[in-house]
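Have a look at the structure below before the remarks.
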Amino acid sequence: MNSKCNYKHLSLIITLLLTILFSSHTLAQSDSIDQAQFVVIYDFQINTTDKNGNAAKDSMQWAVVVGSHVAKCTEFNRVMGEDFGEWKEYGLGEFNARKYNLPVIFVGYPDGEISSFDKVVPNRYFYTEPLPDFGWKLMDDTLTVGGYLCQKAVGKYAGRTWTAWYSEEVAASFGPWKLRGLPGMILKAEDKDGIFLFDCVGLIKRSAPIKYFSREEHTTLKRNKFIAHRNKILCDKKYVKQPNYYIPQGISVIEMWGGGPEPSADEKLSVVSYDMVIPKKANVYQPLELE
């Protein structure tokens, strides 16, 4: 067996082990808090700059698992594996998406609140906040998104102004990330500064329990303290030049990749834990929440 085959087999084994590790983490969830009815998939784009000041774009897919009174929002591939057991189809995508370190957000649980399970590598954090009031102003403008007729609304949250397009044809008052509170599902949203865009690219029917996470591995903070902590670290000018500038020495890091022959060092993931990655390179961090 040549070295290329060895690398391929090794990388596939690594991916399998990571999937098992990640799947085992889901066992630390509590009882069901709702039942999924459907999943809305969004392309999420961030307009930013690279370390040299050139225009750059980060992109990933989010998913919102919609129940009767609770919604769960996180990375799409993770949802398909974690909530619906479709690791074979989506495991590699989930592995590659880990570099974004996206949070898991429960909207409407506990009742009247949002729960966020977030991270600033190498630490995990948990916080709750009351369901935000965006002060939505409903407009007469319409737009078709993903085949659904939508209406326009404008609201504010955490220092940013958002334009949202919601459809009463999708009977849910949720949206991507923490966006919510309109008389229909939010299928598209962008901020006033043109930095962020959520755009619905699909809606699929799925049914499975929505399970809440264990908080054992997370440090509980007030929301404002976590946002200030994250923004202070990731908005620092050093971050875009050296994304690991703040990581303490002695943290155990394993270099892994998703499949095929061993790639270059820059194409591997520096995995700290099953779902925490130190980026090799980064664009300028753009915070969704300014305050």
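Residue numbers start at 1 in each chain; chains themselves are named A, B, ... in the order of the structure tokens; ligands are numbered from 1 in the order shown.
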Tell me, as an mmCIF file with all heavy atoms, in the first residue's frame, which residues lie within 10 Å of A:Thr142, counting only C-alpha atoms; anything in the same chain fewer than 6 positions away does not count.
data_model
loop_
_atom_site.group_PDB
_atom_site.id
_atom_site.type_symbol
_atom_site.label_atom_id
_atom_site.label_comp_id
_atom_site.auth_asym_id
_atom_site.auth_seq_id
_atom_site.Cartn_x
_atom_site.Cartn_y
_atom_site.Cartn_z
ATOM 1 N N LEU A 149 -43.803 34.213 -0.997
ATOM 2 C CA LEU A 149 -44.041 35.648 -1.015
ATOM 3 C C LEU A 149 -43.756 36.217 0.366
ATOM 4 O O LEU A 149 -44.300 35.755 1.375
ATOM 5 C CB LEU A 149 -45.489 35.945 -1.407
ATOM 6 C CG LEU A 149 -45.863 37.433 -1.460
ATOM 7 C CD1 LEU A 149 -45.057 38.154 -2.540
ATOM 8 C CD2 LEU A 149 -47.362 37.604 -1.680
ATOM 9 N N CYS A 150 -42.895 37.211 0.415
ATOM 10 C CA CYS A 150 -42.474 37.798 1.689
ATOM 11 C C CYS A 150 -42.814 39.277 1.754
ATOM 12 O O CYS A 150 -42.930 39.963 0.730
ATOM 13 C CB CYS A 150 -40.960 37.637 1.880
ATOM 14 S SG CYS A 150 -40.389 35.931 1.970
ATOM 15 N N GLN A 151 -42.946 39.763 2.985
ATOM 16 C CA GLN A 151 -43.128 41.183 3.249
ATOM 17 C C GLN A 151 -41.942 41.709 4.041
ATOM 18 O O GLN A 151 -41.250 40.959 4.731
ATOM 19 C CB GLN A 151 -44.427 41.416 4.024
ATOM 20 C CG GLN A 151 -45.680 41.131 3.211
ATOM 21 C CD GLN A 151 -46.942 41.371 4.015
ATOM 22 O OE1 GLN A 151 -47.512 40.455 4.594
ATOM 23 N NE2 GLN A 151 -47.385 42.622 4.042
ATOM 24 N N LYS A 152 -41.758 43.003 3.954
ATOM 25 C CA LYS A 152 -40.581 43.652 4.532
ATOM 26 C C LYS A 152 -40.859 44.182 5.933
ATOM 27 O O LYS A 152 -41.954 44.644 6.235
ATOM 28 C CB LYS A 152 -40.144 44.807 3.621
ATOM 29 C CG LYS A 152 -38.908 45.562 4.065
ATOM 30 C CD LYS A 152 -38.593 46.660 3.056
ATOM 31 C CE LYS A 152 -37.378 47.470 3.460
ATOM 32 N NZ LYS A 152 -37.081 48.546 2.476
ATOM 33 N N ALA A 153 -39.835 44.094 6.789
ATOM 34 C CA ALA A 153 -39.905 44.689 8.125
ATOM 35 C C ALA A 153 -38.513 45.193 8.493
ATOM 36 O O ALA A 153 -37.495 44.643 8.053
ATOM 37 C CB ALA A 153 -40.383 43.670 9.154
ATOM 38 N N TRP A 165 -37.228 39.947 5.620
ATOM 39 C CA TRP A 165 -38.313 39.579 4.716
ATOM 40 C C TRP A 165 -38.952 38.312 5.260
ATOM 41 O O TRP A 165 -38.290 37.276 5.373
ATOM 42 C CB TRP A 165 -37.776 39.356 3.304
ATOM 43 C CG TRP A 165 -37.174 40.602 2.713
ATOM 44 C CD1 TRP A 165 -35.879 41.010 2.790
ATOM 45 C CD2 TRP A 165 -37.864 41.611 1.975
ATOM 46 N NE1 TRP A 165 -35.700 42.211 2.156
ATOM 47 C CE2 TRP A 165 -36.906 42.604 1.634
ATOM 48 C CE3 TRP A 165 -39.192 41.777 1.562
ATOM 49 C CZ2 TRP A 165 -37.236 43.740 0.902
ATOM 50 C CZ3 TRP A 165 -39.524 42.908 0.833
ATOM 51 C CH2 TRP A 165 -38.565 43.872 0.512
ATOM 52 N N TYR A 166 -40.216 38.406 5.631
ATOM 53 C CA TYR A 166 -40.901 37.294 6.288
ATOM 54 C C TYR A 166 -42.089 36.835 5.453
ATOM 55 O O TYR A 166 -42.695 37.615 4.704
ATOM 56 C CB TYR A 166 -41.375 37.699 7.688
ATOM 57 C CG TYR A 166 -42.468 38.746 7.694
ATOM 58 C CD1 TYR A 166 -43.810 38.380 7.773
ATOM 59 C CD2 TYR A 166 -42.162 40.108 7.601
ATOM 60 C CE1 TYR A 166 -44.816 39.335 7.773
ATOM 61 C CE2 TYR A 166 -43.162 41.065 7.593
ATOM 62 C CZ TYR A 166 -44.477 40.679 7.677
ATOM 63 O OH TYR A 166 -45.478 41.637 7.667
ATOM 64 N N SER A 167 -42.409 35.555 5.579
ATOM 65 C CA SER A 167 -43.516 34.997 4.807
ATOM 66 C C SER A 167 -44.563 34.390 5.726
ATOM 67 O O SER A 167 -44.258 33.497 6.527
ATOM 68 C CB SER A 167 -43.007 33.916 3.836
ATOM 69 O OG SER A 167 -44.093 33.328 3.146
#
**Asked** Neighbours of A:Val277 within 8 Å (only C-alpha atoms; same-chain residues fewer than 6 positions away dropped), as a ChimeraX atom specification?
**Response** /A:98-101,121,269-271
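Neighbouring residues of stretch 235-243 of chain A at 6 Å or closer, counting only C-alpha atoms and skipping chain neighbours under 3 positions away, are A:Lys51, A:Asn231, A:Lys232, A:Ala282, A:Asn283, A:Val284, A:Tyr285.
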Write the selection just made, keeping N, CA and C atoms, as a PDB file, in the first residue's frame?
ATOM      1  N   LYS A  51      -6.358  40.415   5.970  1.00  0.00           N
ATOM      2  CA  LYS A  51      -5.347  41.089   6.791  1.00  0.00           C
ATOM      3  C   LYS A  51      -4.651  42.233   6.058  1.00  0.00           C
ATOM      4  N   ASN A 231     -15.946  40.050  21.698  1.00  0.00           N
ATOM      5  CA  ASN A 231     -15.582  41.138  20.795  1.00  0.00           C
ATOM      6  C   ASN A 231     -14.196  41.693  21.094  1.00  0.00           C
ATOM      7  N   LYS A 232     -13.844  41.744  22.370  1.00  0.00           N
ATOM      8  CA  LYS A 232     -12.517  42.251  22.740  1.00  0.00           C
ATOM      9  C   LYS A 232     -11.421  41.374  22.142  1.00  0.00           C
ATOM     10  N   ALA A 282      -7.602  34.018   9.173  1.00  0.00           N
ATOM     11  CA  ALA A 282      -8.913  34.618   9.414  1.00  0.00           C
ATOM     12  C   ALA A 282      -9.007  35.966   8.720  1.00  0.00           C
ATOM     13  N   ASN A 283     -10.237  36.308   8.352  1.00  0.00           N
ATOM     14  CA  ASN A 283     -10.514  37.663   7.896  1.00  0.00           C
ATOM     15  C   ASN A 283     -10.861  38.515   9.112  1.00  0.00           C
ATOM     16  N   VAL A 284     -10.995  39.813   8.905  1.00  0.00           N
ATOM     17  CA  VAL A 284     -11.347  40.715   9.997  1.00  0.00           C
ATOM     18  C   VAL A 284     -12.685  40.293  10.575  1.00  0.00           C
ATOM     19  N   TYR A 285     -12.736  40.122  11.885  1.00  0.00           N
ATOM     20  CA  TYR A 285     -13.944  39.667  12.557  1.00  0.00           C
ATOM     21  C   TYR A 285     -15.002  40.761  12.556  1.00  0.00           C
TER      22      TYR A 285
END
**Message:** Calculated over only C-alpha atoms, which of the candidates A:Leu131, A:Ala97, A:Val66, A:Leu187 has the smallest distance to A:Ser116?
**Reply:**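 The shortest atom-to-atom distance to A:Ser116 comes from A:Leu131.
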**Message:** At a cut-off of 10 Å, using only C-alpha atoms, what residues contact A:Asn77? Leave out same-chain residues fewer than 3 positions from it and give the result as a list in words.
**Reply:** Gln61, Trp62, Ala63, Thr74, Met80, Gly81, Glu82, Asp83, Glu86, Trp87, Glu89, Tyr90, Gly91, Leu92, Gly93, Glu94, Phe95, Asn96, Ala97 and Arg98 of chain A
**Request:** Would you kindly return, as a PyMOL selection string, each protein, DNA or RNA residue with an atom no farther than 8 Å from any atom of A:Leu182, considering only C-alpha atoms and excluding same-chain residues fewer than 2 positions away?
**Result:** chain A and resi 136+166+173-174+180+184-186
Next, the residues of the selection above should be written as a PDB file, in the first residue's frame with N, CA and C atoms.
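Generated output (selection-v1.pdb):
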ATOM      1  N   TRP A 136     -40.065  45.880  15.405  1.00  0.00           N
ATOM      2  CA  TRP A 136     -40.262  45.784  13.959  1.00  0.00           C
ATOM      3  C   TRP A 136     -41.279  46.807  13.430  1.00  0.00           C
ATOM      4  N   TYR A 166     -40.216  38.406   5.631  1.00  0.00           N
ATOM      5  CA  TYR A 166     -40.901  37.294   6.288  1.00  0.00           C
ATOM      6  C   TYR A 166     -42.089  36.835   5.453  1.00  0.00           C
ATOM      7  N   SER A 173     -42.856  32.142  13.818  1.00  0.00           N
ATOM      8  CA  SER A 173     -42.389  33.511  14.077  1.00  0.00           C
ATOM      9  C   SER A 173     -40.897  33.539  14.364  1.00  0.00           C
ATOM     10  N   PHE A 174     -40.153  32.593  13.747  1.00  0.00           N
ATOM     11  CA  PHE A 174     -38.712  32.510  13.951  1.00  0.00           C
ATOM     12  C   PHE A 174     -37.971  33.020  12.723  1.00  0.00           C
ATOM     13  N   ARG A 180     -36.416  37.179  15.060  1.00  0.00           N
ATOM     14  CA  ARG A 180     -37.696  36.550  15.411  1.00  0.00           C
ATOM     15  C   ARG A 180     -38.771  37.622  15.553  1.00  0.00           C
ATOM     16  N   GLY A 184     -44.638  35.582  10.526  1.00  0.00           N
ATOM     17  CA  GLY A 184     -44.270  34.595   9.526  1.00  0.00           C
ATOM     18  C   GLY A 184     -42.778  34.359   9.625  1.00  0.00           C
ATOM     19  N   MET A 185     -42.316  33.291   9.037  1.00  0.00           N
ATOM     20  CA  MET A 185     -40.903  32.929   9.091  1.00  0.00           C
ATOM     21  C   MET A 185     -40.049  33.933   8.331  1.00  0.00           C
ATOM     22  N   ILE A 186     -38.967  34.376   8.960  1.00  0.00           N
ATOM     23  CA  ILE A 186     -38.023  35.279   8.296  1.00  0.00           C
ATOM     24  C   ILE A 186     -37.161  34.450   7.355  1.00  0.00           C
TER      25      ILE A 186
END
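Using only C-alpha atoms, the smallest distance between any of A:Arg78, A:His69, A:Arg223, A:Lys57 and A:Ile195 comes from A:Lys57.
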**Request:** Just the residues within 10 Å of A:Asp111, please, counting only C-alpha atoms, with nothing from its chain fewer than 3 positions along; format it as JSON, numbers by chain.
**Result:** {"A": [69, 70, 107, 108, 114, 130, 131]}
Include N, CA and C atoms and write out the residues we just selected as a short mmCIF file (atom, residue, chain, number, x, y, z; two decimals), in the first residue's frame.
data_model
loop_
_atom_site.label_atom_id
_atom_site.label_comp_id
_atom_site.auth_asym_id
_atom_site.auth_seq_id
_atom_site.Cartn_x
_atom_site.Cartn_y
_atom_site.Cartn_z
N HIS A 69 -42.97 25.60 19.43
CA HIS A 69 -42.75 26.79 20.24
C HIS A 69 -41.29 27.09 20.50
N VAL A 70 -40.40 26.26 19.98
CA VAL A 70 -38.95 26.44 20.16
C VAL A 70 -38.28 26.29 18.80
N VAL A 107 -34.14 29.37 20.67
CA VAL A 107 -35.04 30.52 20.77
C VAL A 107 -36.38 30.04 21.33
N GLY A 108 -36.75 30.60 22.48
CA GLY A 108 -38.01 30.22 23.10
C GLY A 108 -37.85 29.22 24.22
N ILE A 114 -33.95 33.31 25.26
CA ILE A 114 -33.04 32.70 24.31
C ILE A 114 -31.88 32.11 25.10
N PRO A 130 -33.64 37.62 27.67
CA PRO A 130 -35.06 37.67 27.32
C PRO A 130 -35.24 37.70 25.80
N LEU A 131 -36.33 37.15 25.31
CA LEU A 131 -36.60 37.25 23.88
C LEU A 131 -36.55 38.71 23.46
#
**Message:** If we count only C-alpha atoms and set the cut-off at 8 Å, which residues sit around A:Asp58, ignoring sequence neighbours fewer than 2 positions away in its own chain? Please answer as a list of chain:residue names.
**Reply:** A:Gln45, A:Ile46, A:Asn47, A:Thr48, A:Ala56, A:Met60, A:Asn283
**Prompt:** Nearest to A:Ile247 among A:Cys73, A:Val64, A:Ala228, A:Val120, with distances taken over only C-alpha atoms: which residue is it?
**Reply:**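 Of all the options, A:Val120 lies closest to A:Ile247.
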**Request:** Quote the spacing between atom CA of A:Pro287 and atom CA of A:Gly159 in Å to one decimal place.
**Result:** 10.2 Å
**Item:** DSSP alpha helix (DSSP H) residues within stretch 151-290 of chain A, listed as an MDAnalysis selection string
**Value:** chainID A and resid 223:234 237:241
**Asked** Running DSSP on the backbone, which parts of stretch 48-212 of chain A land in strand (DSSP E or B), as a ChimeraX atom specification?
**Response** /A:48-49,55-66,71-75,104-107,113-120,123-130,137-145,148-157,160-167,185-191,196-205,209-212
